[in-house]
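Enquirer: One file is attached below, upload-v5.pdb, containing PDB, C-alpha atoms and all ligand atoms.
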MODEL        1
ATOM      1  CA  MET A   1     -74.499  51.338 134.189
ATOM      2  CA  ILE A   2     -72.369  54.022 132.568
ATOM      3  CA  GLU A   3     -69.835  56.195 134.369
ATOM      4  CA  GLU A   4     -71.902  59.366 133.912
ATOM      5  CA  ASP A   5     -74.833  57.849 135.778
ATOM      6  CA  LEU A   6     -72.665  56.572 138.608
ATOM      7  CA  LEU A   7     -71.123  60.027 138.964
ATOM      8  CA  SER A   8     -74.585  61.554 139.045
ATOM      9  CA  LEU A   9     -75.523  59.206 141.914
ATOM     10  CA  LEU A  10     -72.308  60.086 143.704
ATOM     11  CA  GLY A  11     -73.198  63.776 143.318
ATOM     12  CA  LEU A  12     -76.506  63.079 145.038
ATOM     13  CA  CYS A  13     -74.680  61.522 148.002
ATOM     14  CA  GLN A  14     -72.442  64.582 148.227
ATOM     15  CA  ARG A  15     -75.469  66.898 148.236
ATOM     16  CA  ALA A  16     -77.135  64.780 150.921
ATOM     17  CA  ALA A  17     -73.976  65.076 153.043
ATOM     18  CA  ASN A  18     -73.836  68.846 152.574
ATOM     19  CA  GLU A  19     -77.461  69.208 153.683
ATOM     20  CA  THR A  20     -76.952  66.893 156.646
ATOM     21  CA  ARG A  21     -73.900  68.776 157.805
ATOM     22  CA  ALA A  22     -75.789  72.092 157.542
ATOM     23  CA  ALA A  23     -78.788  70.744 159.460
ATOM     24  CA  LEU A  24     -76.608  69.398 162.280
ATOM     25  CA  ALA A  25     -74.612  72.635 162.493
ATOM     26  CA  SER A  26     -77.622  74.476 163.905
ATOM     27  CA  LEU A  27     -78.766  71.678 166.236
ATOM     28  CA  ARG A  28     -78.190  72.363 169.940
ATOM     29  CA  ASP A  29     -79.585  69.235 171.576
ATOM     30  CA  TRP A  30     -78.211  65.989 170.103
ATOM     31  CA  GLY A  31     -79.458  63.921 173.053
ATOM     32  CA  PRO A  32     -81.459  60.707 173.423
ATOM     33  CA  LEU A  33     -85.131  60.515 172.424
ATOM     34  CA  GLY A  34     -85.836  57.957 175.143
ATOM     35  CA  ASP A  35     -89.335  56.473 175.005
ATOM     36  CA  SER A  36     -90.369  58.713 172.115
ATOM     37  CA  GLY A  37     -87.729  57.150 169.846
ATOM     38  CA  SER A  38     -88.715  54.460 167.346
ATOM     39  CA  HIS A  39     -85.818  52.238 168.434
ATOM     40  CA  LYS A  40     -83.383  51.882 171.304
ATOM     41  CA  ASP A  41     -80.563  54.436 171.362
ATOM     42  CA  GLN A  42     -82.230  56.834 168.918
ATOM     43  CA  TYR A  43     -81.157  60.461 169.282
ATOM     44  CA  LYS A  44     -82.550  63.848 168.220
ATOM     45  CA  ALA A  45     -79.535  64.239 165.929
ATOM     46  CA  ASP A  46     -80.486  60.974 164.148
ATOM     47  CA  LEU A  47     -83.852  62.401 163.125
ATOM     48  CA  VAL A  48     -82.507  65.792 162.060
ATOM     49  CA  ALA A  49     -79.780  64.150 159.962
ATOM     50  CA  ASP A  50     -82.276  61.689 158.480
ATOM     51  CA  GLN A  51     -84.690  64.401 157.413
ATOM     52  CA  ALA A  52     -81.948  66.381 155.670
ATOM     53  CA  ALA A  53     -80.376  63.458 153.781
ATOM     54  CA  LEU A  54     -83.695  61.812 152.961
ATOM     55  CA  GLN A  55     -85.063  64.931 151.356
ATOM     56  CA  ILE A  56     -82.238  65.043 148.787
ATOM     57  CA  LEU A  57     -82.428  61.331 147.991
ATOM     58  CA  ARG A  58     -86.212  61.282 147.721
ATOM     59  CA  GLU A  59     -86.359  64.440 145.563
ATOM     60  CA  ALA A  60     -84.180  62.569 143.069
ATOM     61  CA  GLY A  61     -86.769  59.784 142.985
ATOM     62  CA  LEU A  62     -84.737  57.192 144.844
ATOM     63  CA  ARG A  63     -86.261  54.556 147.015
ATOM     64  CA  VAL A  64     -84.521  54.700 150.400
ATOM     65  CA  LEU A  65     -83.879  52.225 153.214
ATOM     66  CA  SER A  66     -82.844  54.299 156.234
ATOM     67  CA  GLU A  67     -82.004  53.264 159.764
ATOM     68  CA  GLU A  68     -84.249  56.016 161.078
ATOM     69  CA  SER A  69     -87.222  55.974 158.689
ATOM     70  CA  GLY A  70     -87.242  52.477 157.175
ATOM     71  CA  TRP A  71     -88.366  52.103 153.552
ATOM     72  CA  THR A  72     -89.665  55.176 151.771
ATOM     73  CA  GLY A  73     -90.545  55.700 148.122
ATOM     74  CA  PRO A  74     -92.397  53.573 145.594
ATOM     75  CA  PRO A  75     -90.963  50.067 145.069
ATOM     76  CA  ALA A  76     -89.988  50.273 141.429
ATOM     77  CA  GLU A  77     -89.318  53.933 140.911
ATOM     78  CA  ARG A  78     -86.407  54.674 138.586
ATOM     79  CA  GLU A  79     -83.810  57.288 139.356
ATOM     80  CA  LYS A  80     -84.988  60.350 137.463
ATOM     81  CA  THR A  81     -81.692  62.151 137.044
ATOM     82  CA  LEU A  82     -80.096  59.279 135.124
ATOM     83  CA  SER A  83     -79.526  59.482 131.383
ATOM     84  CA  LYS A  84     -81.571  57.222 129.101
ATOM     85  CA  SER A  85     -78.587  54.960 128.567
ATOM     86  CA  ALA A  86     -78.853  53.879 132.196
ATOM     87  CA  GLY A  87     -81.510  51.581 130.806
ATOM     88  CA  GLY A  88     -83.991  51.685 133.658
ATOM     89  CA  TRP A  89     -82.030  50.177 136.506
ATOM     90  CA  GLU A  90     -84.013  49.785 139.716
ATOM     91  CA  LEU A  91     -82.192  51.676 142.447
ATOM     92  CA  VAL A  92     -82.245  51.892 146.215
ATOM     93  CA  ALA A  93     -80.217  54.085 148.572
ATOM     94  CA  VAL A  94     -79.316  52.537 151.922
ATOM     95  CA  LEU A  95     -78.813  55.375 154.369
ATOM     96  CA  ASP A  96     -77.358  55.763 157.815
ATOM     97  CA  PRO A  97     -77.630  59.519 158.331
ATOM     98  CA  LEU A  98     -75.528  59.327 161.492
ATOM     99  CA  ASP A  99     -73.412  56.227 162.036
ATOM    100  CA  GLY A 100     -71.936  56.483 165.512
ATOM    101  CA  SER A 101     -74.804  58.457 167.018
ATOM    102  CA  THR A 102     -73.913  57.427 170.571
ATOM    103  CA  ASN A 103     -70.435  58.860 169.962
ATOM    104  CA  ALA A 104     -72.047  62.038 168.567
ATOM    105  CA  ALA A 105     -74.442  62.467 171.487
ATOM    106  CA  ARG A 106     -71.639  62.027 174.025
ATOM    107  CA  GLY A 107     -69.166  64.375 172.372
ATOM    108  CA  ILE A 108     -66.881  61.665 171.016
ATOM    109  CA  PRO A 109     -65.756  63.107 167.671
ATOM    110  CA  PHE A 110     -66.106  59.958 165.544
ATOM    111  CA  TYR A 111     -69.329  59.690 163.524
ATOM    112  CA  ALA A 112     -70.331  59.750 159.876
ATOM    113  CA  LEU A 113     -73.010  59.811 157.235
ATOM    114  CA  SER A 114     -73.100  56.640 155.155
ATOM    115  CA  ILE A 115     -74.940  56.046 151.860
ATOM    116  CA  CYS A 116     -74.722  53.036 149.579
ATOM    117  CA  ILE A 117     -76.698  53.070 146.324
ATOM    118  CA  LEU A 118     -77.454  49.606 144.990
ATOM    119  CA  GLY A 119     -79.088  48.609 141.742
ATOM    120  CA  LYS A 120     -80.681  45.849 139.712
ATOM    121  CA  PRO A 121     -80.582  45.790 135.927
ATOM    122  CA  PRO A 122     -84.007  45.960 134.200
ATOM    123  CA  ASP A 123     -86.244  42.878 134.276
ATOM    124  CA  GLN A 124     -84.155  41.080 136.864
ATOM    125  CA  GLY A 125     -86.508  41.468 139.822
ATOM    126  CA  GLN A 126     -85.251  38.401 141.671
ATOM    127  CA  SER A 127     -81.551  39.021 141.115
ATOM    128  CA  PRO A 128     -79.386  40.257 144.005
ATOM    129  CA  TRP A 129     -78.750  43.932 144.606
ATOM    130  CA  VAL A 130     -75.397  45.122 143.277
ATOM    131  CA  PRO A 131     -73.615  47.912 145.180
ATOM    132  CA  LEU A 132     -72.928  50.766 142.733
ATOM    133  CA  VAL A 133     -71.863  53.741 144.831
ATOM    134  CA  GLY A 134     -70.389  53.880 148.335
ATOM    135  CA  PHE A 135     -70.104  57.199 150.136
ATOM    136  CA  VAL A 136     -69.008  57.858 153.730
ATOM    137  CA  GLU A 137     -68.387  61.313 155.178
ATOM    138  CA  ASP A 138     -66.769  61.921 158.544
ATOM    139  CA  LEU A 139     -69.126  64.579 159.898
ATOM    140  CA  VAL A 140     -66.509  65.932 162.309
ATOM    141  CA  ARG A 141     -63.532  66.395 159.989
ATOM    142  CA  GLY A 142     -65.296  66.465 156.609
ATOM    143  CA  THR A 143     -63.191  63.592 155.217
ATOM    144  CA  ARG A 144     -64.971  61.862 152.302
ATOM    145  CA  TRP A 145     -64.465  58.257 151.215
ATOM    146  CA  GLN A 146     -66.029  57.308 147.904
ATOM    147  CA  ALA A 147     -66.139  54.274 145.646
ATOM    148  CA  LEU A 148     -67.893  53.417 142.413
ATOM    149  CA  ALA A 149     -68.492  49.794 141.424
ATOM    150  CA  ASN A 150     -66.270  50.183 138.370
ATOM    151  CA  GLY A 151     -63.561  52.326 139.942
ATOM    152  CA  GLN A 152     -61.057  52.872 142.690
ATOM    153  CA  ALA A 153     -61.735  53.824 146.278
ATOM    154  CA  THR A 154     -60.720  57.339 147.244
ATOM    155  CA  CYS A 155     -60.315  59.455 150.345
ATOM    156  CA  ASN A 156     -60.687  63.169 149.649
ATOM    157  CA  GLY A 157     -60.010  62.421 145.997
ATOM    158  CA  GLN A 158     -56.823  60.383 146.556
ATOM    159  CA  THR A 159     -56.766  56.689 145.652
ATOM    160  CA  ILE A 160     -56.538  54.443 148.704
ATOM    161  CA  LYS A 161     -55.396  50.857 149.193
ATOM    162  CA  CYS A 162     -55.700  48.499 152.129
ATOM    163  CA  SER A 163     -52.636  47.356 154.072
ATOM    164  CA  SER A 164     -50.484  44.356 153.189
ATOM    165  CA  CYS A 165     -50.681  42.785 156.654
ATOM    166  CA  GLU A 166     -51.348  39.049 156.313
ATOM    167  CA  ASN A 167     -50.695  37.780 159.833
ATOM    168  CA  LEU A 168     -53.070  38.190 162.723
ATOM    169  CA  ASP A 169     -50.247  38.615 165.215
ATOM    170  CA  GLN A 170     -49.151  41.738 163.304
ATOM    171  CA  ALA A 171     -52.648  43.132 162.770
ATOM    172  CA  LEU A 172     -54.387  46.184 164.216
ATOM    173  CA  VAL A 173     -57.991  44.988 164.320
ATOM    174  CA  SER A 174     -61.144  46.944 165.131
ATOM    175  CA  LEU A 175     -64.121  45.052 166.526
ATOM    176  CA  THR A 176     -67.764  45.684 167.289
ATOM    177  CA  GLY A 177     -69.241  43.400 169.942
ATOM    178  CA  ASP A 178     -67.469  41.550 172.706
ATOM    179  CA  PRO A 179     -64.641  39.254 171.530
ATOM    180  CA  GLY A 180     -63.892  37.914 175.012
ATOM    181  CA  PRO A 181     -60.205  37.260 175.723
ATOM    182  CA  ALA A 182     -57.592  38.470 173.205
ATOM    183  CA  ARG A 183     -57.403  36.135 170.213
ATOM    184  CA  GLY A 184     -53.889  36.607 168.936
ATOM    185  CA  TRP A 185     -54.094  39.991 167.203
ATOM    186  CA  ARG A 186     -51.355  42.539 167.735
ATOM    187  CA  GLN A 187     -53.755  45.233 169.043
ATOM    188  CA  MET A 188     -57.470  45.887 168.944
ATOM    189  CA  ARG A 189     -59.801  48.907 168.920
ATOM    190  CA  SER A 190     -63.561  49.424 169.163
ATOM    191  CA  LEU A 191     -64.388  52.866 167.837
ATOM    192  CA  GLY A 192     -68.198  53.045 167.601
ATOM    193  CA  SER A 193     -68.810  53.822 163.921
ATOM    194  CA  ALA A 194     -68.696  50.797 161.627
ATOM    195  CA  ALA A 195     -68.804  52.978 158.494
ATOM    196  CA  LEU A 196     -65.691  54.898 159.532
ATOM    197  CA  GLU A 197     -63.892  51.812 160.810
ATOM    198  CA  LEU A 198     -64.385  50.138 157.420
ATOM    199  CA  CYS A 199     -62.995  53.205 155.654
ATOM    200  CA  LEU A 200     -59.958  53.055 157.940
ATOM    201  CA  VAL A 201     -59.425  49.450 156.801
ATOM    202  CA  ALA A 202     -59.778  50.553 153.163
ATOM    203  CA  GLN A 203     -57.021  53.142 153.561
ATOM    204  CA  GLY A 204     -54.712  50.807 155.503
ATOM    205  CA  SER A 205     -54.903  52.566 158.901
ATOM    206  CA  LEU A 206     -56.555  49.466 160.350
ATOM    207  CA  ASP A 207     -55.827  45.977 159.021
ATOM    208  CA  ALA A 208     -59.283  44.489 159.680
ATOM    209  CA  PHE A 209     -62.743  45.192 161.091
ATOM    210  CA  SER A 210     -65.179  42.575 162.312
ATOM    211  CA  CYS A 211     -68.219  41.771 164.377
ATOM    212  CA  ALA A 212     -67.393  39.680 167.432
ATOM    213  CA  GLY A 213     -69.353  37.489 169.825
ATOM    214  CA  SER A 214     -73.005  37.319 168.779
ATOM    215  CA  PHE A 215     -72.991  40.920 167.563
ATOM    216  CA  SER A 216     -74.205  41.771 164.064
ATOM    217  CA  LEU A 217     -74.571  44.926 161.987
ATOM    218  CA  ALA A 218     -77.367  46.289 159.794
ATOM    219  CA  PRO A 219     -76.899  47.036 156.066
ATOM    220  CA  TRP A 220     -76.931  50.809 156.673
ATOM    221  CA  ASP A 221     -73.982  50.445 159.065
ATOM    222  CA  TYR A 222     -71.652  48.666 156.640
ATOM    223  CA  LEU A 223     -72.735  48.698 152.966
ATOM    224  CA  ALA A 224     -71.098  51.970 151.900
ATOM    225  CA  GLY A 225     -67.907  51.209 153.833
ATOM    226  CA  LEU A 226     -67.869  47.669 152.445
ATOM    227  CA  LEU A 227     -67.905  48.924 148.839
ATOM    228  CA  VAL A 228     -65.084  51.346 149.680
ATOM    229  CA  CYS A 229     -63.153  48.374 151.136
ATOM    230  CA  LEU A 230     -63.834  46.158 148.114
ATOM    231  CA  GLN A 231     -62.585  48.794 145.679
ATOM    232  CA  ALA A 232     -59.485  49.285 147.875
ATOM    233  CA  GLY A 233     -58.623  45.583 147.558
ATOM    234  CA  CYS A 234     -59.987  44.101 150.817
ATOM    235  CA  SER A 235     -61.498  40.656 151.363
ATOM    236  CA  TRP A 236     -64.694  39.900 153.297
ATOM    237  CA  ALA A 237     -66.695  37.084 154.852
ATOM    238  CA  THR A 238     -69.636  36.761 157.208
ATOM    239  CA  LEU A 239     -69.247  34.772 160.413
ATOM    240  CA  ASP A 240     -72.909  33.734 160.288
ATOM    241  CA  SER A 241     -73.044  32.850 156.551
ATOM    242  CA  SER A 242     -75.504  35.706 155.956
ATOM    243  CA  ASP A 243     -75.647  37.589 152.653
ATOM    244  CA  PRO A 244     -74.502  41.149 153.433
ATOM    245  CA  PHE A 245     -76.176  42.461 150.254
ATOM    246  CA  PHE A 246     -79.628  41.242 151.284
ATOM    247  CA  LEU A 247     -81.721  44.328 152.076
ATOM    248  CA  GLY A 248     -84.367  44.578 154.766
ATOM    249  CA  GLU A 249     -85.162  46.529 157.914
ATOM    250  CA  LYS A 250     -84.357  43.453 159.967
ATOM    251  CA  ALA A 251     -81.427  42.191 157.878
ATOM    252  CA  ARG A 252     -78.276  41.699 159.960
ATOM    253  CA  SER A 253     -74.840  40.342 159.167
ATOM    254  CA  GLN A 254     -71.805  39.324 161.175
ATOM    255  CA  LEU A 255     -69.447  40.983 158.736
ATOM    256  CA  CYS A 256     -65.680  40.510 158.799
ATOM    257  CA  VAL A 257     -63.443  42.550 156.457
ATOM    258  CA  ALA A 258     -59.662  42.279 156.218
ATOM    259  CA  ALA A 259     -56.839  43.588 154.065
ATOM    260  CA  ASN A 260     -56.417  40.256 152.273
ATOM    261  CA  LYS A 261     -57.526  36.620 152.267
ATOM    262  CA  GLY A 262     -54.684  35.480 154.536
ATOM    263  CA  LEU A 263     -55.608  37.866 157.328
ATOM    264  CA  LEU A 264     -59.315  37.222 156.777
ATOM    265  CA  GLY A 265     -58.727  33.505 157.252
ATOM    266  CA  GLY A 266     -56.811  34.133 160.473
ATOM    267  CA  LEU A 267     -59.472  36.428 161.871
ATOM    268  CA  THR A 268     -62.526  34.357 160.936
ATOM    269  CA  GLY A 269     -60.687  31.358 162.361
ATOM    270  CA  VAL A 270     -60.465  32.882 165.827
ATOM    271  CA  LEU A 271     -63.764  34.828 165.799
ATOM    272  CA  GLY A 272     -65.955  32.234 164.139
ATOM    273  CA  ALA A 273     -65.090  29.570 166.660
TER     274      ALA A 273
HETATM  275  C1  LIG A 301     -73.658  51.856 165.340
HETATM  276  C2  LIG A 301     -72.197  51.892 164.977
HETATM  277  C3  LIG A 301     -71.426  51.021 165.924
HETATM  278  C4  LIG A 301     -71.971  49.618 165.990
HETATM  279  C5  LIG A 301     -73.457  49.662 166.299
HETATM  280  C6  LIG A 301     -74.196  50.476 165.295
HETATM  281  P1  LIG A 301     -75.396  53.823 164.976
HETATM  282  O1  LIG A 301     -74.415  52.633 164.454
HETATM  283  O2  LIG A 301     -71.971  51.488 163.655
HETATM  284  O3  LIG A 301     -70.084  50.949 165.542
HETATM  285  O4  LIG A 301     -71.294  48.942 166.997
HETATM  286  O5  LIG A 301     -73.981  48.391 166.249
HETATM  287  O6  LIG A 301     -75.555  50.462 165.615
HETATM  288  O7  LIG A 301     -76.489  53.182 165.755
HETATM  289  O8  LIG A 301     -74.566  54.732 165.789
HETATM  290  O9  LIG A 301     -75.857  54.401 163.704
HETATM  291 CA    CA A 302     -77.271  55.631 162.770
ENDMDL
END
Show me the file's structure as structure tokens.

Expert:
Amino acid sequence: MIEEDLLSLLGLCQRAANETRAALASLRDWGPLGDSGSHKDQYKADLVADQAALQILREAGLRVLSEESGWTGPPAEREKTLSKSAGGWELVAVLDPLDGSTNAARGIPFYALSICILGKPPDQGQSPWVPLVGFVEDLVRGTRWQALANGQATCNGQTIKCSSCENLDQALVSLTGDPGPARGWRQMRSLGSAALELCLVAQGSLDAFSCAGSFSLAPWDYLAGLLVCLQAGCSWATLDSSDPFFLGEKARSQLCVAANKGLLGGLTGVLGA
């Protein structure tokens, strides 16, 4: 897919973020939906954010897989804003309109919108989805992390690179799930928004991010952040041998991302056991 088309998809993500931010700005009650929610720990803010982002993505003709609204859009619809030279790629946007919604509902200022657009070249129905565009926006500070499949990862327009930390005993590691006793890292965090934690690995603030214990993440939690990490030079593995690019409402992955293969090996060694 040509650069112009990727940039057009990135523009869509930016518009979706603008609309989401505007919708949340006028929302007073961000609290839990309780029994009226469609899943555990769903909040009013999740639905408001979903409606705003979904509208932009769907107007552009994209099929969407969202944490809050599942699959929407016809299966094989092509992205209408693309130039003819895009050659009819099949596209899907994987959306978490509010990653870190428990943080958001409790006034912890660490949550984000996350969109990954993935594609399949024409006539390759059974081939795997390829991540094309990764976009994460910190909805508190407005920081934007972006990556295109053929380009560098950026934070607010500046190129970012992961850290050079290779040894677990020097690493600042962020985890989701319960790791049990300390496993030899220098320090650990658990911050409550996988999308943002991955972006912090991509820019070298954290050295690694991983699931721990039996905990796994959904594609909408990690796909955009994972592409940002990949384009910033990180390495990844899954502790459960799952394919993180497999899409489905029930797809889950025990993802582990680190600044390089050495650190990844150290971390999977202690977490995979
Ligand atoms: C959550 C965050 C969190 C992770 C949870 C996710 P949500 O996303 O990414 O870091 O530990 O498993 O569900 O539900 O706030 O969008
Ligand atoms: Ca969410």

Enquirer: Quick one: of A:Ala17, A:Leu91, A:Leu263, A:Ala194, who's nearest to ligand LIG 301 (chain A), counting all atoms listed in the file?

Expert: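 Of the candidates, the smallest distance to ligand LIG 301 (chain A) is held by A:Ala194.
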
Enquirer: Can you work out the spacing between atom CA of A:Ala153 and atom CA of A:Ser66 in Å, to one decimal?

Expert: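 Atom CA of A:Ser66 lies 23.3 Å from atom CA of A:Ala153.
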
Enquirer: Hey, which bits of chain A sit within 7 Å of ligand CA 302 (chain A), and for each residue what's the closest pair of atoms and how far apart in Å (one decimal), counting only C-alpha atoms and all ligand atoms, rows by chain and increasing number, as a tab-separated table?

Expert:
residue	atom	partner	partner_atom	distance
A:Asp46	CA	A:CA302	CA	6.4
A:Glu67	CA	A:CA302	CA	6.1
A:Asp96	CA	A:CA302	CA	5.0
A:Pro97	CA	A:CA302	CA	5.9
A:Leu98	CA	A:CA302	CA	4.3
A:Asp99	CA	A:CA302	CA	4.0
A:Gly100	CA	A:CA302	CA	6.1
A:Ser101	CA	A:CA302	CA	5.7

Enquirer: Counting only C-alpha atoms, which of A:Leu172, A:Cys13, A:Ser253, A:Arg63 gets nearest to A:Thr238?

Expert: A:Ser253

Enquirer: For A:Leu239, please output as a ChimeraX atom specification all residues within 10 Å (counting only C-alpha atoms; exclusion window: fewer than 4 positions along the same chain).

Expert: /A:210-214,216,253-256,268-269,271-273

Enquirer: Quick one: pull the distance between atom CA of A:Cys165 and atom CA of A:Phe246, Å, one decimal.

Expert: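 Between atom CA of A:Cys165 and atom CA of A:Phe246 the gap is 29.5 Å.
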
Enquirer: Kindly work out which residues sit at most 9 Å from ligand LIG 301 (chain A), using all atoms listed in the file, and give the list as a ChimeraX atom specification.

Expert: /A:40-42,46,67-68,96-104,111-113,175-177,190-197,211,215-218,220-222

Enquirer: Report as number ranges by chain the full result of the PyMOL selection byres (((chain A and resi 229-234) around 10) and not hetatm) when it is applied to this structure.

Expert: A: 134, 145-154, 159-164, 198-204, 207-208, 223-228, 235-236, 257-261, 264

Enquirer: Any chance you could work out the axis-aligned box around stretch 158-172 of chain A, listed atoms only, 4 Å on each side, giving centre and edge lengths in Å to one decimal, as lines of an AutoDock Vina configuration file?

Expert:
center_x = -53.0
center_y = 49.1
center_z = 155.4
size_x = 15.7
size_y = 30.6
size_z = 27.6

Enquirer: One number please: atom CA of A:Met1 to atom CA of A:Pro121, in Å, one decimal.

Expert: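 These two atoms are separated by 8.4 Å.
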
Enquirer: Could you tell me, as a list of chain:residue names, which residues have any atom at most 8 Å from (-53.2, 37.3, 159.5), counting all atoms listed in the file?

Expert: A:Cys165, A:Glu166, A:Asn167, A:Leu168, A:Asp169, A:Gln170, A:Ala171, A:Gly262, A:Leu263, A:Leu264, A:Gly265, A:Gly266, A:Leu267
